[in-house]
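Enquirer: Structure file entry.pdb (PDB, C-alpha atoms) is given on the next line.
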ATOM      1  CA  MET A1462      30.603 -93.858  92.915
ATOM      2  CA  ALA A1463      29.363 -97.440  93.064
ATOM      3  CA  ALA A1464      25.869 -96.368  91.970
ATOM      4  CA  ILE A1465      27.229 -94.337  89.044
ATOM      5  CA  LEU A1466      29.452 -97.214  87.936
ATOM      6  CA  LEU A1467      26.504 -99.640  88.084
ATOM      7  CA  LEU A1468      24.381 -97.241  86.035
ATOM      8  CA  LEU A1469      27.080 -96.938  83.370
ATOM      9  CA  LEU A1470      27.483-100.699  83.123
ATOM     10  CA  CYS A1471      23.722-101.256  82.939
ATOM     11  CA  SER A1472      23.448 -98.691  80.140
ATOM     12  CA  GLN A1473      24.876-101.319  77.788
ATOM     13  CA  ALA A1474      21.722-103.393  78.211
ATOM     14  CA  ILE A1475      19.351-100.601  77.120
ATOM     15  CA  PRO A1476      17.664-101.546  73.797
ATOM     16  CA  TRP A1477      18.696 -99.506  70.766
ATOM     17  CA  LYS A1478      15.275 -98.192  69.678
ATOM     18  CA  PRO A1479      14.346 -96.278  72.866
ATOM     19  CA  VAL A1480      17.867 -94.860  73.086
ATOM     20  CA  PHE A1481      17.747 -93.612  69.495
ATOM     21  CA  ALA A1482      14.231 -92.220  69.988
ATOM     22  CA  PHE A1483      15.558 -90.269  72.978
ATOM     23  CA  GLU A1484      18.447 -88.945  70.879
ATOM     24  CA  LYS A1485      16.014 -87.808  68.167
ATOM     25  CA  ARG A1486      14.258 -85.621  70.724
ATOM     26  CA  LEU A1487      17.621 -84.052  71.604
ATOM     27  CA  SER A1488      18.568 -83.184  67.998
ATOM     28  CA  THR A1489      20.112 -79.717  67.796
ATOM     29  CA  GLN A1490      18.494 -79.049  64.390
ATOM     30  CA  PRO A1491      15.406 -81.295  64.307
ATOM     31  CA  GLY A1492      13.956 -81.745  60.843
ATOM     32  CA  VAL A1493      17.052 -80.608  58.937
ATOM     33  CA  GLY A1494      17.330 -84.140  57.555
ATOM     34  CA  ASN A1495      13.735 -84.327  56.340
ATOM     35  CA  GLU A1496      14.764 -83.913  52.685
ATOM     36  CA  ILE A1497      17.143 -86.870  52.784
ATOM     37  CA  GLY A1498      15.744 -89.905  51.008
ATOM     38  CA  LEU A1499      17.052 -93.449  50.632
ATOM     39  CA  ALA A1500      15.915 -95.807  47.882
ATOM     40  CA  TRP A1501      16.756 -99.194  46.413
ATOM     41  CA  GLN A1502      18.554 -98.370  43.184
ATOM     42  CA  PRO A1503      20.768-100.816  41.259
ATOM     43  CA  HIS A1504      23.770 -99.016  39.787
ATOM     44  CA  ALA A1505      26.503 -99.965  37.368
ATOM     45  CA  VAL A1506      29.313 -98.268  39.248
ATOM     46  CA  GLN A1507      29.712 -97.799  42.974
ATOM     47  CA  THR A1508      30.381 -94.109  43.487
ATOM     48  CA  GLU A1509      30.869 -94.124  47.247
ATOM     49  CA  ASN A1510      32.885 -96.522  49.375
ATOM     50  CA  PRO A1511      30.831 -97.140  52.526
ATOM     51  CA  ILE A1512      33.181 -99.620  54.174
ATOM     52  CA  SER A1513      34.505 -98.536  57.540
ATOM     53  CA  ALA A1514      38.174 -99.167  58.267
ATOM     54  CA  ASP A1515      37.391-100.727  61.617
ATOM     55  CA  ARG A1516      35.041-103.292  60.088
ATOM     56  CA  PRO A1517      37.167-104.908  57.326
ATOM     57  CA  GLU A1518      35.127-108.091  57.340
ATOM     58  CA  PHE A1519      32.453-106.252  55.370
ATOM     59  CA  GLY A1520      34.919-104.780  52.913
ATOM     60  CA  MET A1521      37.088-107.574  51.574
ATOM     61  CA  VAL A1522      37.521-111.272  51.046
ATOM     62  CA  VAL A1523      40.824-112.530  52.437
ATOM     63  CA  GLY A1524      42.469-115.748  51.227
ATOM     64  CA  ASN A1525      40.576-118.734  49.848
ATOM     65  CA  HIS A1526      36.830-118.717  50.382
ATOM     66  CA  ASN A1527      35.470-121.521  52.556
ATOM     67  CA  PRO A1528      32.035-122.709  51.334
ATOM     68  CA  ASN A1529      30.969-123.004  54.986
ATOM     69  CA  ASP A1530      31.712-119.322  55.665
ATOM     70  CA  ASP A1531      29.077-116.608  55.692
ATOM     71  CA  VAL A1532      28.123-115.235  52.289
ATOM     72  CA  ARG A1533      28.373-111.499  51.707
ATOM     73  CA  LEU A1534      25.524-109.762  49.891
ATOM     74  CA  LEU A1535      25.635-106.234  48.465
ATOM     75  CA  LEU A1536      22.393-104.262  48.499
ATOM     76  CA  PRO A1537      22.357-101.305  46.046
ATOM     77  CA  VAL A1538      20.992 -98.160  47.695
ATOM     78  CA  SER A1539      21.135 -94.481  46.784
ATOM     79  CA  VAL A1540      20.780 -91.406  48.974
ATOM     80  CA  ALA A1541      19.514 -88.031  47.789
ATOM     81  CA  GLY A1542      18.921 -84.668  49.401
ATOM     82  CA  LEU A1543      22.106 -84.422  51.478
ATOM     83  CA  PRO A1544      22.748 -80.813  52.577
ATOM     84  CA  THR A1545      25.943 -79.071  51.499
ATOM     85  CA  ASP A1546      28.991 -79.826  53.668
ATOM     86  CA  SER A1547      27.510 -82.717  55.591
ATOM     87  CA  VAL A1548      28.258 -86.281  56.645
ATOM     88  CA  LEU A1549      25.557 -88.933  56.870
ATOM     89  CA  LYS A1550      26.333 -91.810  59.218
ATOM     90  CA  GLU A1551      24.365 -95.004  59.635
ATOM     91  CA  ASP A1552      24.248 -95.827  63.336
ATOM     92  CA  ASN A1553      22.305 -99.051  62.930
ATOM     93  CA  ALA A1554      20.769-101.022  60.069
ATOM     94  CA  GLU A1555      18.251-103.796  60.758
ATOM     95  CA  MET A1556      17.603-106.004  57.734
ATOM     96  CA  VAL A1557      14.884-108.603  57.297
ATOM     97  CA  LEU A1558      14.874-111.009  54.333
ATOM     98  CA  THR A1559      11.536-112.535  53.334
ATOM     99  CA  ASP A1560      10.439-114.774  50.475
ATOM    100  CA  ALA A1561       7.819-113.916  47.852
ATOM    101  CA  GLY A1562       5.065-115.045  50.200
ATOM    102  CA  GLY A1563       6.248-112.839  53.040
ATOM    103  CA  LYS A1564       7.806-115.630  55.109
ATOM    104  CA  ARG A1565      10.701-114.392  57.230
ATOM    105  CA  LEU A1566      13.962-116.073  56.171
ATOM    106  CA  TYR A1567      16.624-114.246  58.151
ATOM    107  CA  ALA A1568      17.309-111.018  60.070
ATOM    108  CA  VAL A1569      20.721-109.395  60.391
ATOM    109  CA  ASP A1570      22.465-106.063  61.015
ATOM    110  CA  GLY A1571      24.238-104.430  58.088
ATOM    111  CA  GLY A1572      27.751-103.068  57.829
ATOM    112  CA  PRO A1573      28.574 -99.421  58.667
ATOM    113  CA  ILE A1574      27.944 -96.572  56.242
ATOM    114  CA  GLU A1575      29.407 -93.051  56.122
ATOM    115  CA  ILE A1576      28.606 -90.734  53.214
ATOM    116  CA  ARG A1577      30.110 -87.269  52.716
ATOM    117  CA  ARG A1578      28.898 -84.354  50.637
ATOM    118  CA  GLU A1579      31.137 -81.364  50.147
ATOM    119  CA  GLY A1580      30.545 -78.351  47.952
ATOM    120  CA  SER A1581      27.718 -78.074  45.434
ATOM    121  CA  GLN A1582      27.379 -81.742  44.517
ATOM    122  CA  SER A1583      23.668 -82.495  44.108
ATOM    123  CA  ALA A1584      23.397 -85.860  42.330
ATOM    124  CA  PRO A1585      22.224 -88.873  44.360
ATOM    125  CA  ILE A1586      25.063 -90.889  45.870
ATOM    126  CA  ALA A1587      25.061 -94.624  45.238
ATOM    127  CA  TYR A1588      26.531 -97.150  47.616
ATOM    128  CA  ASP A1589      26.441-100.868  48.296
ATOM    129  CA  GLN A1590      25.194-101.861  51.738
ATOM    130  CA  ALA A1591      27.112-104.947  52.850
ATOM    131  CA  VAL A1592      25.394-107.726  54.774
ATOM    132  CA  LYS A1593      26.486-111.249  55.701
ATOM    133  CA  VAL A1594      24.193-114.290  55.841
ATOM    134  CA  PRO A1595      25.043-117.851  56.960
ATOM    135  CA  ALA A1596      26.119-120.198  54.178
ATOM    136  CA  GLN A1597      23.190-122.550  54.892
ATOM    137  CA  ILE A1598      20.644-119.742  54.587
ATOM    138  CA  TYR A1599      22.207-118.758  51.276
ATOM    139  CA  GLN A1600      22.322-122.308  49.887
ATOM    140  CA  ASP A1601      18.672-122.920  50.809
ATOM    141  CA  ASN A1602      17.479-119.689  49.188
ATOM    142  CA  LYS A1603      20.001-118.639  46.542
ATOM    143  CA  ASP A1604      17.644-119.434  43.639
ATOM    144  CA  ARG A1605      14.617-117.971  45.386
ATOM    145  CA  SER A1606      13.207-114.479  44.921
ATOM    146  CA  VAL A1607      13.559-112.537  48.151
ATOM    147  CA  GLN A1608      12.696-109.096  49.446
ATOM    148  CA  VAL A1609      14.934-107.085  51.754
ATOM    149  CA  GLU A1610      13.478-104.556  54.182
ATOM    150  CA  THR A1611      16.070-102.363  55.882
ATOM    151  CA  THR A1612      15.381 -99.927  58.705
ATOM    152  CA  TYR A1613      18.170 -97.369  59.031
ATOM    153  CA  SER A1614      18.912 -95.300  62.132
ATOM    154  CA  MET A1615      20.970 -92.366  60.857
ATOM    155  CA  THR A1616      22.650 -89.206  62.067
ATOM    156  CA  LEU A1617      23.249 -86.133  59.922
ATOM    157  CA  PHE A1618      26.373 -84.124  60.767
ATOM    158  CA  LYS A1619      26.731 -80.516  59.585
ATOM    159  CA  LEU A1620      30.001 -78.611  59.142
ATOM    160  CA  SER A1621      30.910 -76.698  62.290
ATOM    161  CA  GLU A1622      34.492 -75.429  61.861
ATOM    162  CA  SER A1623      37.368 -75.665  59.364
ATOM    163  CA  TYR A1624      41.110 -75.487  59.998
ATOM    164  CA  SER A1625      44.345 -75.921  58.072
ATOM    165  CA  MET A1626      47.890 -76.736  59.119
ATOM    166  CA  ALA A1627      51.176 -77.307  57.327
ATOM    167  CA  VAL A1628      52.484 -80.806  56.668
ATOM    168  CA  GLY A1629      54.872 -81.472  59.527
ATOM    169  CA  GLY A1630      53.166 -78.760  61.552
ATOM    170  CA  ASP A1631      52.370 -78.716  65.233
ATOM    171  CA  GLN A1632      49.601 -76.458  66.506
ATOM    172  CA  GLY A1633      46.615 -76.094  68.794
ATOM    173  CA  ILE A1634      43.121 -76.314  67.313
ATOM    174  CA  SER A1635      40.146 -75.310  69.435
ATOM    175  CA  ALA A1636      37.903 -78.187  68.301
ATOM    176  CA  SER A1637      40.540 -80.938  68.293
ATOM    177  CA  GLY A1638      43.107 -79.927  70.890
ATOM    178  CA  HIS A1639      46.834 -80.223  70.191
ATOM    179  CA  CYS A1640      47.487 -81.588  66.670
ATOM    180  CA  GLU A1641      50.721 -82.633  64.998
ATOM    181  CA  SER A1642      51.550 -84.233  61.684
ATOM    182  CA  LYS A1643      54.493 -85.962  60.072
ATOM    183  CA  ILE A1644      55.370 -87.908  56.938
ATOM    184  CA  ASN A1645      55.767 -91.617  57.663
ATOM    185  CA  VAL A1646      59.071 -93.458  57.315
ATOM    186  CA  ALA A1647      58.125 -94.896  53.913
ATOM    187  CA  ALA A1648      57.248 -91.396  52.598
ATOM    188  CA  THR A1649      53.867 -92.631  51.389
ATOM    189  CA  ALA A1650      51.466 -90.871  53.765
ATOM    190  CA  VAL A1651      51.029 -88.083  56.289
ATOM    191  CA  GLU A1652      50.038 -89.122  59.799
ATOM    192  CA  VAL A1653      47.829 -86.684  61.693
ATOM    193  CA  ARG A1654      47.378 -87.007  65.455
ATOM    194  CA  CYS A1655      45.318 -84.816  67.773
ATOM    195  CA  MET A1656      44.872 -85.029  71.534
ATOM    196  CA  GLN A1657      42.484 -83.107  73.725
ATOM    197  CA  MET A1658      41.453 -83.228  77.369
ATOM    198  CA  GLY A1659      37.786 -84.168  77.729
ATOM    199  CA  LYS A1660      35.347 -84.661  74.874
ATOM    200  CA  GLY A1661      36.846 -84.183  71.418
ATOM    201  CA  PRO A1662      35.099 -83.760  68.044
ATOM    202  CA  THR A1663      32.576 -86.475  67.257
ATOM    203  CA  CYS A1664      33.103 -86.321  63.492
ATOM    204  CA  ALA A1665      35.814 -84.863  61.254
ATOM    205  CA  THR A1666      37.187 -85.173  57.746
ATOM    206  CA  VAL A1667      40.856 -84.575  56.986
ATOM    207  CA  PHE A1668      42.504 -84.294  53.570
ATOM    208  CA  LEU A1669      45.631 -83.027  51.825
ATOM    209  CA  GLU A1670      45.261 -80.008  49.549
ATOM    210  CA  ASP A1671      47.557 -77.813  47.495
ATOM    211  CA  PRO A1672      46.528 -74.156  48.010
ATOM    212  CA  ARG A1673      48.467 -73.156  44.896
ATOM    213  CA  ASP A1674      46.193 -74.947  42.417
ATOM    214  CA  GLY A1675      43.249 -76.069  44.578
ATOM    215  CA  SER A1676      43.879 -79.798  44.086
ATOM    216  CA  ARG A1677      42.980 -82.091  46.965
ATOM    217  CA  ASN A1678      43.134 -85.776  47.802
ATOM    218  CA  ARG A1679      40.219 -87.914  48.881
ATOM    219  CA  ALA A1680      39.214 -87.126  52.451
ATOM    220  CA  SER A1681      39.544 -89.537  55.339
ATOM    221  CA  THR A1682      36.667 -89.523  57.811
ATOM    222  CA  SER A1683      36.481 -90.341  61.494
ATOM    223  CA  CYS A1684      32.973 -90.314  62.991
ATOM    224  CA  ASN A1685      32.490 -91.742  66.465
ATOM    225  CA  PRO A1686      29.299 -90.274  67.929
ATOM    226  CA  ASN A1687      28.620 -90.798  71.612
ATOM    227  CA  TYR A1688      24.979 -91.526  72.407
ATOM    228  CA  SER A1689      24.556 -90.972  76.124
ATOM    229  CA  PRO A1690      23.680 -92.998  78.081
ATOM    230  CA  TYR A1691      24.420 -95.640  75.406
ATOM    231  CA  VAL A1692      28.223 -95.709  75.110
ATOM    232  CA  ASP A1693      30.690 -98.142  73.564
ATOM    233  CA  ARG A1694      32.962 -97.901  76.615
ATOM    234  CA  PRO A1695      31.297 -97.564  80.043
ATOM    235  CA  ILE A1696      34.431 -95.898  81.484
ATOM    236  CA  PRO A1697      35.759 -93.513  78.787
ATOM    237  CA  ASP A1698      39.278 -92.142  78.607
ATOM    238  CA  ALA A1699      39.676 -88.640  80.055
ATOM    239  CA  VAL A1700      41.732 -87.727  76.979
ATOM    240  CA  SER A1701      40.241 -87.738  73.466
ATOM    241  CA  HIS A1702      42.509 -89.075  70.720
ATOM    242  CA  PHE A1703      42.138 -88.426  67.005
ATOM    243  CA  ARG A1704      44.353 -90.074  64.373
ATOM    244  CA  LEU A1705      44.111 -90.354  60.589
ATOM    245  CA  VAL A1706      46.513 -91.421  57.844
ATOM    246  CA  LEU A1707      46.525 -89.434  54.580
ATOM    247  CA  PRO A1708      48.253 -91.308  51.725
ATOM    248  CA  PHE A1709      49.905 -89.344  48.911
ATOM    249  CA  ARG A1710      52.050 -91.986  47.188
ATOM    250  CA  ASP A1711      51.348 -95.578  46.144
ATOM    251  CA  PRO A1712      54.596 -97.594  45.942
ATOM    252  CA  ALA A1713      52.926 -99.958  43.453
ATOM    253  CA  GLY A1714      51.998 -97.064  41.190
ATOM    254  CA  GLN A1715      48.386 -98.153  40.842
ATOM    255  CA  VAL A1716      46.842 -95.157  42.613
ATOM    256  CA  LYS A1717      47.524 -91.593  41.493
ATOM    257  CA  TYR A1718      46.958 -88.757  43.957
ATOM    258  CA  PRO A1719      46.217 -85.122  42.932
ATOM    259  CA  VAL A1720      48.491 -84.043  45.795
ATOM    260  CA  ASP A1721      51.431 -86.422  45.392
ATOM    261  CA  GLY A1722      55.066 -86.475  46.445
ATOM    262  CA  SER A1723      55.950 -83.633  44.067
ATOM    263  CA  LYS A1724      53.503 -81.287  45.839
ATOM    264  CA  ILE A1725      53.821 -82.443  49.426
ATOM    265  CA  ASP A1726      56.290 -79.704  50.422
ATOM    266  CA  GLY A1727      53.733 -76.988  49.675
ATOM    267  CA  ALA A1728      50.664 -78.949  50.722
ATOM    268  CA  GLN A1729      48.392 -78.228  53.665
ATOM    269  CA  ILE A1730      46.266 -80.449  55.856
ATOM    270  CA  ALA A1731      42.607 -79.421  55.922
ATOM    271  CA  ILE A1732      40.611 -80.420  59.003
ATOM    272  CA  ARG A1733      36.824 -80.038  58.861
ATOM    273  CA  VAL A1734      34.889 -80.642  62.072
ATOM    274  CA  TYR A1735      31.232 -81.703  61.989
ATOM    275  CA  GLU A1736      28.642 -81.788  64.760
ATOM    276  CA  PRO A1737      25.450 -83.913  64.889
ATOM    277  CA  ALA A1738      22.420 -81.937  63.734
ATOM    278  CA  ASP A1739      19.589 -84.433  63.325
ATOM    279  CA  HIS A1740      18.757 -88.074  64.039
ATOM    280  CA  PHE A1741      16.171 -89.913  61.941
ATOM    281  CA  THR A1742      15.092 -93.298  60.602
ATOM    282  CA  ARG A1743      14.426 -94.429  57.048
ATOM    283  CA  THR A1744      13.071 -97.698  55.659
ATOM    284  CA  VAL A1745      14.115 -99.106  52.284
ATOM    285  CA  ILE A1746      12.179-102.017  50.782
ATOM    286  CA  SER A1747      13.620-103.818  47.780
ATOM    287  CA  PRO A1748      11.649-105.384  44.935
ATOM    288  CA  LEU A1749      11.734-109.165  44.633
ATOM    289  CA  VAL A1750      15.231-110.182  43.553
ATOM    290  CA  VAL A1751      16.968-113.541  43.255
ATOM    291  CA  MET A1752      19.304-113.875  46.230
ATOM    292  CA  LYS A1753      22.269-115.177  44.242
ATOM    293  CA  ASP A1754      22.204-111.995  42.152
ATOM    294  CA  LEU A1755      23.169-110.051  45.289
ATOM    295  CA  ALA A1756      26.059-112.296  46.313
ATOM    296  CA  VAL A1757      29.709-111.331  45.980
ATOM    297  CA  HIS A1758      31.518-113.998  43.972
TER     298      HIS A1758
END
What is this file in structure tokens?

Expert:
Amino acid sequence: MAAILLLLLCSQAIPWKPVFAFEKRLSTQPGVGNEIGLAWQPHAVQTENPISADRPEFGMVVGNHNPNDDVRLLLPVSVAGLPTDSVLKEDNAEMVLTDAGGKRLYAVDGGPIEIRREGSQSAPIAYDQAVKVPAQIYQDNKDRSVQVETTYSMTLFKLSESYSMAVGGDQGISASGHCESKINVAATAVEVRCMQMGKGPTCATVFLEDPRDGSRNRASTSCNPNYSPYVDRPIPDAVSHFRLVLPFRDPAGQVKYPVDGSKIDGAQIAIRVYEPADHFTRTVISPLVVMKDLAVH
């Protein structure tokens, strides 16, 4: 027991690259992600929100901005070639900023990215990769042309199983264990909770849909892959928990939902479970661009 515990604790010190290379060799569908391409592509409108809910510091500016704080840059990237019914997750993003002469200015990890493709959508998906640099680095180089080289470690998840349950329902689902749902006290969202002994699903999307007219709300995603022996928690819980909140009403009236309060009585909760199929790396190199043009003001 002592030896196993020591091994688990030491696993946290294993460098990322050899761990990910080992995972690539264990891919269940090696090569299925070969057609996926990433490219630097400025876009007028962001069509995909890559910000993860558990990393809000990459997604918003709270309160008054302190000039001594880190500066957030947005790097425009597009992804093409995603298979039907898949989720692409960035596990790690290593970014290196250099000047026009190739001098290294700063290296940093980027914020998390999750991109979904459902149905027959085929157009490239644009997103803004968030990255934070120290204020001093930004001030010294904001008027300078820089180049950004990003190495992505990514996992492609393919659809494994689909389920549906009634709002307010309570049922067992083979891939997620015992699931229950209820409308919150404010009557603005449906809370979905699942609990399962042992290892639960590594990635799932959940959304509200009206089977009568086919309308559906934007899906919420939860992807938490476990890369053995590299784990976030050396001693995991014996019970897997899965929880998502599905909004259907905005009290401020600013957001309109296809499945709103008028349809919630006949709505269903769709649960789509994905399993990792392939692990791969991609490198995106930007053209020379003035750093201040990438900053969020």

Enquirer: Expand the PyMOL selection byres ((chain A and resi 1603-1614) around 7) into the explicit residue set it covers here, and present it as a PyMOL selection string.

Expert: chain A and resi 1551-1561+1599-1602+1615+1741-1753

Enquirer: Can you tell me, as a list in words, what residues are no more than 12 Å from A:Lys1643 when counting all atoms listed in the file, ignoring any on the same chain fewer than 3 positions away?

Expert: Met1626, Ala1627, Val1628, Gly1629, Gly1630, Asp1631, Cys1640, Val1646, Ala1647, Ala1648, Thr1649, Ala1650, Val1651, Glu1652, Val1653, Arg1654, Arg1704, Leu1705, Val1706, Leu1707, Pro1708, Ile1725, Asp1726, Gln1729 and Ile1730 of chain A

Enquirer: If you count only C-alpha atoms, which residues fall within 8 Å of A:Val1540, apart from same-chain ones fewer than 3 positions away, as a PDB file with C-alpha atoms, in the coordinates of the input?

Expert:
ATOM      1  CA  ILE A1497      17.143 -86.870  52.784  1.00  0.00           C
ATOM      2  CA  GLY A1498      15.744 -89.905  51.008  1.00  0.00           C
ATOM      3  CA  LEU A1499      17.052 -93.449  50.632  1.00  0.00           C
ATOM      4  CA  ALA A1500      15.915 -95.807  47.882  1.00  0.00           C
ATOM      5  CA  LEU A1543      22.106 -84.422  51.478  1.00  0.00           C
ATOM      6  CA  PRO A1585      22.224 -88.873  44.360  1.00  0.00           C
ATOM      7  CA  ILE A1586      25.063 -90.889  45.870  1.00  0.00           C
ATOM      8  CA  ALA A1587      25.061 -94.624  45.238  1.00  0.00           C
TER       9      ALA A1587
END

Enquirer: Name the closest residue to A:Pro1491 among the candidates A:Leu1669, A:Cys1684, A:Ala1591, A:Ala1738; distances are taken between atoms, counting all atoms listed in the file.

Expert: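 With all atoms listed in the file as the atom set, the closest residue is A:Ala1738.
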
Enquirer: Selection in question (the file shown): the PyMOL selection byres ((chain A and resi 1720) around 6). Which residues does it include, as an MDAnalysis selection string?

Expert: chainID A and resid 1677:1678 1718:1719 1721 1724

Enquirer: With the file shown as input, list the residues that the PyMOL selection byres ((chain A and resi 1683) around 8) selects, as number ranges by chain.

Expert: A: 1663-1666, 1681-1682, 1684-1685, 1705

Enquirer: Which one of A:Val1592, A:Ala1680, A:Val1734, A:Ala1463 sits closest to A:Leu1536 if you count all atoms listed in the file?

Expert: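 Of the candidates, the smallest distance to A:Leu1536 is held by A:Val1592.
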
Enquirer: One number please: atom CA of A:Cys1655 to atom CA of A:Leu1617, in Å, one decimal.

Expert: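 Computing the Euclidean distance for atom CA of A:Cys1655 and atom CA of A:Leu1617 yields 23.5 Å.
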
Enquirer: Rounded to one decimal, what separation in Å do you get between atom CA of A:Ala1728 and atom CA of A:Glu1641?

Expert: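 Value for the atom CA of A:Ala1728-atom CA of A:Glu1641 distance: 14.7 Å.
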
Enquirer: Extract, using only C-alpha atoms, all DNA, RNA and protein residues at most 9 Å from A:His1504, discarding same-chain residues fewer than 6 positions from it, and format them as a VMD selection string.

Expert: chain A and resid 1537 to 1539 1587 to 1588

Enquirer: So, counting all atoms listed in the file, which residue among A:His1740, A:Arg1533, A:Arg1673, A:Arg1577 is closest to A:Asp1754?

Expert: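 Nearest to A:Asp1754: A:Arg1533.
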